[in-house]
Structure formats: C-alpha cells, structure tokens
Protein chains: 2
Amino acid sequence: MLRAGLIRQLMAGAYTYLPLGWRAVRKAEAIVREEMDRAGAIELFMPALQPIELFERTGRKSAFGNVLINFQIQRGDRRVHLALGPTHEEVVTDLMARHISSYRQLPVCVYQIQTKFRNEERPRFGVLRTSEFLMKDAYSFGTSVDQLNSVYDQMYKAYCRIFARAGLNYLPVEAESGPIGGDASHEFMVPANNGEDRIVHCTACGYAANLERAETGRVPKAKPVSSSMTQLSEASTPGAGSIEAVCRALGTTPRQMIKTLLFLADGEPLACLVRGDHEANEAKIRRAAGCKSLQMADAVTIQSVTGAPVGFAGPVGLKCRVLADHDVAEVVDAVVGGNAVDMHLRGVNVGRDWQVDATHDLRMAEDADVCPRCFGRMQLVHGIEVGHVFKLGTKYSVSLDAEYLDEKELRHPLIMGCYGIGVNRIVAALCETSYDEHGLIWPLSIAPYEVLVVPLNVSDTETVESAERIYAELRNLGIDVLLDDRDARAGFKLKDADLIGIPLRVVIGGRGLKEGVAEVRWRWESESRKIPLESAVGDVVEMLARQKIQELAKVPN
Amino acid sequence: MLRAGLIRQLMAGAYTYLPLGWRAVRKAEAIVREEMDRAGAIELFMPALQPIELFERTGRKSAFGNVLINFQIQRGDRRVHLALGPTHEEVVTDLMARHISSYRQLPVCVYQIQTKFRNEERPRFGVLRTSEFLMKDAYSFGTSVDQLNSVYDQMYKAYCRIFARAGLNYLPVEAESGPIGGDASHEFMVPANNGEDRIVHCTACGYAANLERAETGRVPKAKPVSSSMTQLSEASTPGAGSIEAVCRALGTTPRQMIKTLLFLADGEPLACLVRGDHEANEAKIRRAAGCKSLQMADAVTIQSVTGAPVGFAGPVGLKCRVLADHDVAEVVDAVVGGNAVDMHLRGVNVGRDWQVDATHDLRMAEDADVCPRCFGRMQLVHGIEVGHVFKLGTKYSVSLDAEYLDEKELRHPLIMGCYGIGVNRIVAALCETSYDEHGLIWPLSIAPYEVLVVPLNVSDTETVESAERIYAELRNLGIDVLLDDRDARAGFKLKDADLIGIPLRVVIGGRGLKEGVAEVRWRWESESRKIPLESAVGDVVEMLARQKIQELAKVPN
C-alpha cells in the first residue's frame, strides 16, 4: 500500500490515506452504507469525545485499560475527563435509554461510519492495527431474543453481501459466544498469510471458528488399562520449571506429559488436565465447569490441594474436582507433576493411577484437528478480521438503565446486538490478498479508478488527443477513469499501472495508434486485446458492464 | 434542531446527529465534495491524532493554547505526546514536504472532509461551537503568488456555488488579511440574528467585511481651530477609572472624549487616539504604525511617556509618536486624560492644544459607518461563519521545510493557501435562518428527505395502501421520501411535518381519498393543491424537478 502510493505514515500507528487509497476506502464505505440501508439499519452520527462516566458505569474503563484513550481537559475552571470512543455501546445505549419508551418502537437498528480511536500498545501490521480507523458500528435494540436473532441474521446476510461485493475471499467463523449463548458471535475473516488472527477451517464441510471458539471433533475414549503399561515411578526433577525442562531431564516429549492447571471456579478449587503440547482454553473450561467466574488458583489453595508449592501439581492424589481434556485420557505411561517439590511421576495411567468420570473439550484447537462436524481434518489458517457480529444481551442496557415498557406497562432492559466492520480493513485485506509480483489487483467495486488511460508518449499530439478524447468521454459517461498524462517513459508508466492495479488499462500510442487501435488489458489477464479507437469508449463501457455482472454474480441474496 | 429531532446533546459541546440531522449533514457534505472535485481539488484523509512536535515547530501549540486538545498516552514504556487536529496545516505541509520536489508538480490543491477537535472553553450556540465538528479543509501549494491567486479564485467561486446550492443567504466578507496582503482572506457569512460574528455590510454597493477588517469610509478632516472653542481647563476626577465614570464626574459623553492607548510598536512607545465611544483595532494600528509586533505598553513606559501612572494618559504633552483615528480630529472641546494622577483636561482641541500630521483608520467599524466604497451607510449585521478562504503564504512551508526546486534547481518554500468550510454549520445556519413559527423550512438540496408521505389514518386500509404505493414508487424512482406510518392523530402528524420541514408534503386520506386525490403542499406555501391519486407520483416528480431547477438557477457559474 505504501509502494503503490495509497497511504503514507505520519507516525507509529497513524497513516494518511493518499488520493488513490482514500478513493478505495470511500468505495468500501459506500458499499457498507448501501447494504446497511438495505438491511433496514438507520444511519446517525455520535461524538468521538465521550464523558468517561459512561465507561465507568459499564466497567469498560478498566476492561479497556490503557487501550482506551482518555484524558482531562480544562473548561473554564473545571477539569473535564473525556474518552475518545473505541466503539459506541455506551453512547448509543444512553441515547436509546432516552428515546425508547415503548415496545412499539422496537426493534430498531442504528449505525454510523466513523473514526474510532484505540491506543494500540504496539501499532503494527501497517494499516491493519492503528490508533484510529474508520469503523461501521451498528447497534440493535429489541424486546426479545427473537427480535435480536432476526436483526442478527439480517446483519449476518448484509455482511456476506458487503464482503462479497468488495471482492473479498471471506469466511464467517464462529467466535466466542456472548452471554446469550449458542452461535451468538461470528467473525468475518479474510484468510491471509500475515493476518494476525488464527482460525481453524474444515474445507470438507465448511466449519470455521477462531481458535478460542473452535470445537475439536475428538471422541472421548480412554485407553483401557493393559498389562503392557509400565509401573508408576517417581523421578527427581530438580530445577525443571517448564515442560521443556522436564522433557530434557526425563528424556520424554510434551505429547507424553499431562499439564495440571489449578483454578478457583466460583471460589472452589478445580484442576484441569491438558496434554503437555496443548494449550488450555479458559472459555471451554468455564463452560465445562459450569461456573461463572474462573481464575488461577492462589498459592495457598495450591498447597492445600496438592500438598506442594506452586509448580508441581499432578493428577495422582489431587484433593479437588478434576476436569480432563479428551486427549489426556489417551496418554499411556504419562509423565505428570508429583505433588511434591522437585518431583515428577512417570508411567502414570488413567483408570489405574488416577480416575476420571468423563472427559471434555478443554483446549485450543490446532492445525490438523478433527472437524467437529464432518470428522475431516481442519486446517489452521491465518486471517484478517474485517467484521464481527455479536449478540450482546443486556450487559449495557442494565448498566445504563436502557429500558422499555411492554404491553402490560412493565419495565425490561433492552436486548442488544452490535455489529462492526473495519472499513479500512476491507481495503487492507484486499491489498494483502489480491496482488501479483507486479503490484495490486483491484476488483472493479473497490478499485480507486475503474479505467486507466495511458498515452504512451505525451509529446505526440495525436496520441494525446486520442487519449484525452477517450478519457473525457468515459468521464462524461460516469466511469471512474484516470489519465496518466505524465511526461515519462512508456515502460515507467506501464510499470506504475501494474503497481497501482487499476482493473482496465487502455494504452494509446505507438504502432497501435497508426493502426487505429487501442490496447486494452484487464489487470489480471496477461494478454492485451486490440480495440478500434473509434469504438473504444463503447467497447470499454461494455467490458466494464460484463465484468460488473460477473462480480455481482458472486454476491449472495 | 433539538425540537425537530435533528440532534441530541451528549454533553456540553457534543451532540449526536440523529437520523434526520445526519441526512442533512450528509447532503451538505456531498455538495461540498462535488464542488471541490469540480474545482480540481483532490481528496485525501489525514489522521486526527498528530504528533505534538509538528505544532511546536509551527508555533501553533502556544498560539492555540488550551484550545488545542493534547495529551500523553503510554505506548509500551514510552510516553507519546499527541494532539487532536484542530486543522491540518502541519500534517499536510509535512506530507507535501515529502511528496513535492519539482515545480512541475505544482500547483496542487488537496482537501479532506473530517472531524476536527477543539477545546472550546465555553461551548455554546448549540452545534455552532462544539468540541468536534465536521470540516472540509483544503490546502493549496504553488510556486508563485499568481498560482496561489488562481487557486484562491477557484476556491472562492466553488464556495459561492456550495453555499448557493445549499440554499443559504450568504455574504462573502473581507476578513483580516494574511502575510501576503491585499484581499488575502474572505469569510463566508450567513446573516443571522444570533450569529456570533459581527460584520458590516453596505446594501448599496455590496461591500462587506468583518468588524476587524472593515474599513470605514471616513474622510479625514480636522475641525479648524475656531474662536467658539472653549479654553483648555483641568478637572479633578478622583476615582474615575473608566470612560463612564469620567462622563458621570464631568457631565459629558463618550463621543466627546478621546481615549489614549499606549503600545510598544516593535519596542518603541506609540500612543493611539480613538474617540471615547469607539473601539481600537489592533490590526489597523499595526498597519498604520508599519510595525511587526504590537503590544500594550508596560507601566514603566507609560510613566516615562505620560509622566503619570497607568490610567491617565492624554494627547497633550505626550513624549512619543502619536497616531490619531480620523474621528478624533473632529472632536471639538474634547475631554482627555491629563497625564497626571486623578486629572482630566476639558476643552482640548487639536491644532491648538495638541498636534497631529495625519489621521488614520484605527478603530473597529460600527453600525451606520460610512461605506469605504460608495460612501453610503453600512449596517452592522450578526452572522454565522460557514467558510473561510485564506492566503497563507510561506508561514508553514518555512517552518516545516516544505520546498520545491525551480527550473534552475534552486530551492524555494511552497506558497500556500487554506480553505475551510464547517459542514455541520451549513445545516445549522439553514436551521437558524430558514424557518417559521411552525418549524424548519428546508431547501430541496439539503432537506433530510425531499418528500413526506402522510397517511392520515393508518387503521384505514385504503389510506395505507395508497400511501404505501406512492411511497414505494417514489422510492424506486430514487426520490428521498419518508413515510409517516405512525399510528397517531392526523393533527399530531401534520404538526410534526411542519416541525421537521420536509419540502413537499403529500397527505393521503379522509375526504380527498374518496375524491381520488392527494393533497400536496410545499412547506413554504400556505395552500395545498389537490392532485389525482393516479398521477400523483408523476406530478410529485415533476414538481420536484421544477423546484430543483429554481434552486439551481440561483447558483453562480
């Protein structure tokens, strides 16, 4: 994007959108607006500066921490504490608390397209993660989960249309669910090698989820106790403070180990077992434990449950509730913590040395995991998040007193959903995924210009006159057309044309001009075709129309 | 705007634009964008968050003072000092310093439409003065004053078209000139009773200027010394610290007094005389004195120049350069400070008691002043500033090293202009000036919707079907149409229709429906006319087209 002159960095995490880049963002913005309007959402515009009190009431001041840009300013003899909106749940809920009184006004969905601000500790990934960005944020308010579901579905469909119209190869993935449960949250991801998000995707059945949310299709089956299993034995592991160190000391592998993590689940001690090479997933543990709060256990709890200080927990002889991941029960002759200082146990087998009733899905998904739907293999894919739809429930309406009266004049909190799209990210995700070694390749729908007219030699009058005529006629027909009238070498101009990636290139001059033809080429094709100069404008308009129809054919209804 | 549901206050100086208000702002924005593109300006988008260093380099950090919202944020282990852009001279000049190398790239004019931030000490005038607002800011860069003048003229014309298209009764007024001199700055004002700016306007010849800039058409002519003049005499005025107190003590009027203001002009003492009822104008004084810096004199200087402490200066016996306003020389038997503690002089006459070579225009203009062009009478008018065009010169390019190479490869600073429009203010100025006792009256160009369809009784099927058909057909034809399908009394809905001021109202139901007609009324007309329901859609489209032509007829070319 830098090289193609779309953006320029002002400072870490802040970019100026140069004319070409800004035109692409504006086209993405227009598509988002059209589809929001089509889905029945109503546009408004809320302030970026917001009173910090609203964030204190919803608890988001502490939840955001340093990411929430907030500061005090002097107003006369008062200090006013303000935040720069990272999103607008607070402001919009406060607004609805004042505007909505009756169930008859519901459901309603409002949106805005506005600059958001976040203090990214380490701004990175170019324009993908910046201190300010253009976001479409929509918020729905309803009386029931049914109303919420209905708006959520409309938004989901609108998102599919938006990303398809933008020419993105997108994937709706299940994300961690909200307070309402079920499929209460989806992220829209664009698979890209340098995306910062990680998702698993089953190409066989289409199942896709982010790593935190992803189920794994493992069937719980403990290995039966067999006589070929080795006997349990103690092993001294002085100074071995990590999985890797224990593996080195005992000559084993992480796959052969069982990690024992100790939590307080709603205040009660809870041990969770996952294989040594796996990563525990707190959201899954919370669901399996059926608890509301889950936090790491303190040293006192660990001492009382394991009989040893922090760092030596293992499943044998634990004095608390134990949850085991499916894969743990399949480890034969496992290596585990010994519940004593500097001690591990080897040859540990479930059903013989420790017991468990059932196993659960407690870990993060991984590449090559089994698909929970079709039992195929899932792939780990990196992705760029371009949108997110979320069933919020009543979190904000309860804390900000946003209520409605039902048919019986009884008060209830509004049931909310929120729906975000990173407008700049649509453009950035295209640039990250649609290119070749020569430069960018835009779809017509987002391209800064649809057509680029290149006169090869601007000192040749006939060339310039032809190019300017075609340029002017296309412009008058409402085509987004750019004329490269720079006095530069033809090769230089054609290289730039490939770099900035305008879909249809019309080259005029040289031998072609003498033959009465222009050379046109789609950016994604290798061969030019010749069209008569006389009919060039009509031919270009027709080519554009056909290409638009092709692009729209990919858009779901 | 509050009552019509266009906006809602979030906190002091911050308003949410509700759907109707935001639609109007977006229409204003679209007109601004079209006219900027038409004038050859190129759109881009710069960050709101900016490094404070840029403002330190141009001196605007201290010039803005508390108005510049700036703060430090934590980034990893660094503190980063940022400002929220009040305008973007610094960022755009820094950008051009990196992009422009040769005179061949010039002139260029770029613009953006973006939220600006200012800490208004006391936010007031509703949405006219808020902490954040939508601004179109354009910046031009050229090699010469000729190039600057040419872009300035294009922008000036574009501004006239924008405000005319928006249906505003606007007045381009001369404002204080920039470093390049001449007509280097114009403000575009909308006369309005509660505007916070004050301008003088000659309805005879069209001359208009803001109070600071306005020349006055006075012809310098000192009254000749005559024997009817009284003799100079001393008068004791103990405790009389103001013009009003002296008038009370000596039984005179401010018109009869001469105020003596003491300055340091480039470090040298300077006395300026203006009539007691007039207000000195520092910009005019600076020009008349031919000095660069002008500041109020300190107590030591005043003591040495007048022989008395602060508060008793007068023209008789002053030991420094004296500049007198034209009107001062016409005061016969003036009352002036006595250059001694608690003492004034009466019967003071120029040419006899003190001398002056020439008189100058040193004061702020006033209502009923003589026009400097046609010598008619000027009116004092309150106005809302909606735009400003300004020849900046090289202030920013010099301090930010933005240079170009000329034909001889010599370096010169870029010559800049800047051009601002308050987009929200276009809407606010309309609301302040286009209304009657029932509510707002929008022009078609900015109206949130062009047509309002009002079914009188939504429990009558035939009414609803007719209204919905007309609504749907108008919508399909691309007309901005709103349907008031609320289940409310007819009178209530018609009152709301007047309040929100949609230009064309189409009422369906009641007796009219039985007769097969709809009643249509322009918001600014008192009488409805009946149109057949069958041809209603066509008739409405034709009425809109005719009205649009009328509105466009007022737009200059």
# chains A, B, ... in the order shown; residues from 1 in each chain; ligands from 1
>>> interface_residues(of="chain A", to="chain B", cutoff="6 Å", atoms="only C-alpha atoms", output="PyMOL selection string")
chain A and resi 16-19+22+43-47+75-76+121
>>> select_by_dssp(residues="segment 148-333 of chain B", states="strand (DSSP E)", output="MDAnalysis selection string")
chainID B and resid 171:174 185:191 197:201 208:210 233:236 258:265 268:275 294:296 321:325
>>> closest_atom_pairs(of="segment 315-341 of chain B", to="segment 221-232 of chain B", cutoff="9 Å", atoms="only C-alpha atoms", output="JSON lines")
{"residue": "B:His326", "atom": "CA", "partner": "B:Lys221", "partner_atom": "CA", "distance": 7.3}
{"residue": "B:Asp327", "atom": "CA", "partner": "B:Lys221", "partner_atom": "CA", "distance": 8.4}
{"residue": "B:Val328", "atom": "CA", "partner": "B:Ala222", "partner_atom": "CA", "distance": 8.3}
{"residue": "B:Ala329", "atom": "CA", "partner": "B:Ala222", "partner_atom": "CA", "distance": 4.7}
{"residue": "B:Glu330", "atom": "CA", "partner": "B:Ala222", "partner_atom": "CA", "distance": 5.2}
{"residue": "B:Val331", "atom": "CA", "partner": "B:Lys223", "partner_atom": "CA", "distance": 7.6}
{"residue": "B:Val332", "atom": "CA", "partner": "B:Met229", "partner_atom": "CA", "distance": 7.0}
{"residue": "B:Asp333", "atom": "CA", "partner": "B:Met229", "partner_atom": "CA", "distance": 6.3}
>>> closest_atom_pairs(of="segment 146-185 of chain B", to="segment 407-418 of chain B", cutoff="9 Å", atoms="only C-alpha atoms", output="JSON lines")
{"residue": "B:Gln147", "atom": "CA", "partner": "B:Ile415", "partner_atom": "CA", "distance": 8.5}
{"residue": "B:Leu148", "atom": "CA", "partner": "B:Gly417", "partner_atom": "CA", "distance": 6.6}
{"residue": "B:Asn149", "atom": "CA", "partner": "B:Gly417", "partner_atom": "CA", "distance": 8.9}
{"residue": "B:Val151", "atom": "CA", "partner": "B:Gly417", "partner_atom": "CA", "distance": 8.2}
{"residue": "B:Tyr152", "atom": "CA", "partner": "B:Gly417", "partner_atom": "CA", "distance": 7.1}
>>> select_by_dssp(residues="segment 387-530 of chain A", states="alpha helix (DSSP H)", output="PyMOL selection string")
chain A and resi 395-399+423-433+461-476+490-500+510-515
>>> residues_around(residues="Leu456 of chain B", least_positions_apart="4", cutoff="8 Å", atoms="only C-alpha atoms", output="MDAnalysis selection string")
chainID B and resid 463 489:490 493 507:510
>>> residues_around(residues="segment 468-481 of chain B", least_positions_apart="3", cutoff="7 Å", atoms="only C-alpha atoms", output="list of chain:residue names")
B:Tyr449, B:Glu450, B:Val451, B:Leu452, B:Val453, B:Val464, B:Glu465, B:Val537
>>> write_last_selection(atoms="C-alpha atoms", output="compact mmCIF listing (two decimals), in the first residue's frame")
# COMPACT_ATOMS: atom_id res chain seq x y z
CA TYR B 449 -35.97 13.94 2.72
CA GLU B 450 -37.49 15.66 -0.30
CA VAL B 451 -40.98 14.27 0.15
CA LEU B 452 -43.03 13.28 3.19
CA VAL B 453 -46.00 10.99 2.62
CA VAL B 464 -52.43 2.86 3.95
CA GLU B 465 -52.38 1.07 0.60
CA VAL B 537 -46.20 10.01 -8.45
>>> atom_distance(atom1="atom CA of Cys205 of chain A", atom2="atom CA of Gly376 of chain A")
8.1 Å
>>> residues_around(residues="Arg104 of chain B", least_positions_apart="4", cutoff="10 Å", atoms="only C-alpha atoms", output="mmCIF file with N, CA and C atoms, in the first residue's frame")
data_model
loop_
_atom_site.group_PDB
_atom_site.id
_atom_site.type_symbol
_atom_site.label_atom_id
_atom_site.label_comp_id
_atom_site.auth_asym_id
_atom_site.auth_seq_id
_atom_site.Cartn_x
_atom_site.Cartn_y
_atom_site.Cartn_z
ATOM 1 N N ILE B 100 6.450 16.624 -2.718
ATOM 2 C CA ILE B 100 6.719 17.595 -3.785
ATOM 3 C C ILE B 100 8.218 17.813 -3.895
ATOM 4 N N THR B 143 3.996 27.657 -6.678
ATOM 5 C CA THR B 143 5.341 28.223 -6.780
ATOM 6 C C THR B 143 5.315 29.749 -6.690
ATOM 7 N N TYR B 404 10.310 23.394 -2.953
ATOM 8 C CA TYR B 404 10.342 22.796 -4.293
ATOM 9 C C TYR B 404 11.575 23.322 -5.011
ATOM 10 N N LEU B 405 11.950 22.626 -6.076
ATOM 11 C CA LEU B 405 13.064 23.079 -6.916
ATOM 12 C C LEU B 405 12.492 23.771 -8.140
ATOM 13 N N ASP B 406 13.003 24.961 -8.459
ATOM 14 C CA ASP B 406 12.516 25.657 -9.650
ATOM 15 C C ASP B 406 13.282 25.182 -10.891
ATOM 16 N N GLU B 407 13.026 25.846 -12.041
ATOM 17 C CA GLU B 407 13.643 25.426 -13.311
ATOM 18 C C GLU B 407 15.166 25.393 -13.215
#
>>> residues_around(residues="Ile162 of chain B", least_positions_apart="6", cutoff="12 Å", atoms="only C-alpha atoms", output="number ranges by chain")
B: 27-39, 136, 155-156, 168-170, 188, 386-387, 421-423, 426, 445-446, 552, 554-557
>>> closest_residue(among="A:Val127, A:Met378, A:Cys202, A:Ala288", to="Leu362 of chain A", atoms="only C-alpha atoms")
A:Ala288
>>> atom_distance(atom1="atom CA of Ala308 of chain B", atom2="atom CA of Met257 of chain B")
19.0 Å
>>> residues_around(residues="Val300 of chain A", least_positions_apart="2", cutoff="12 Å", atoms="only C-alpha atoms", output="list of chain:residue names")
A:Leu262, A:Phe263, A:Leu264, A:Pro269, A:Met296, A:Ala297, A:Asp298, A:Ile302, A:Gln303, A:Ser304, A:Val305, A:Thr306, A:Gly307, A:Ala308, A:Pro309, A:Val310
>>> closest_residue(among="B:His81, B:Arg425, B:Lys530, B:Arg505", to="Asp484 of chain B", atoms="only C-alpha atoms")
B:Arg505
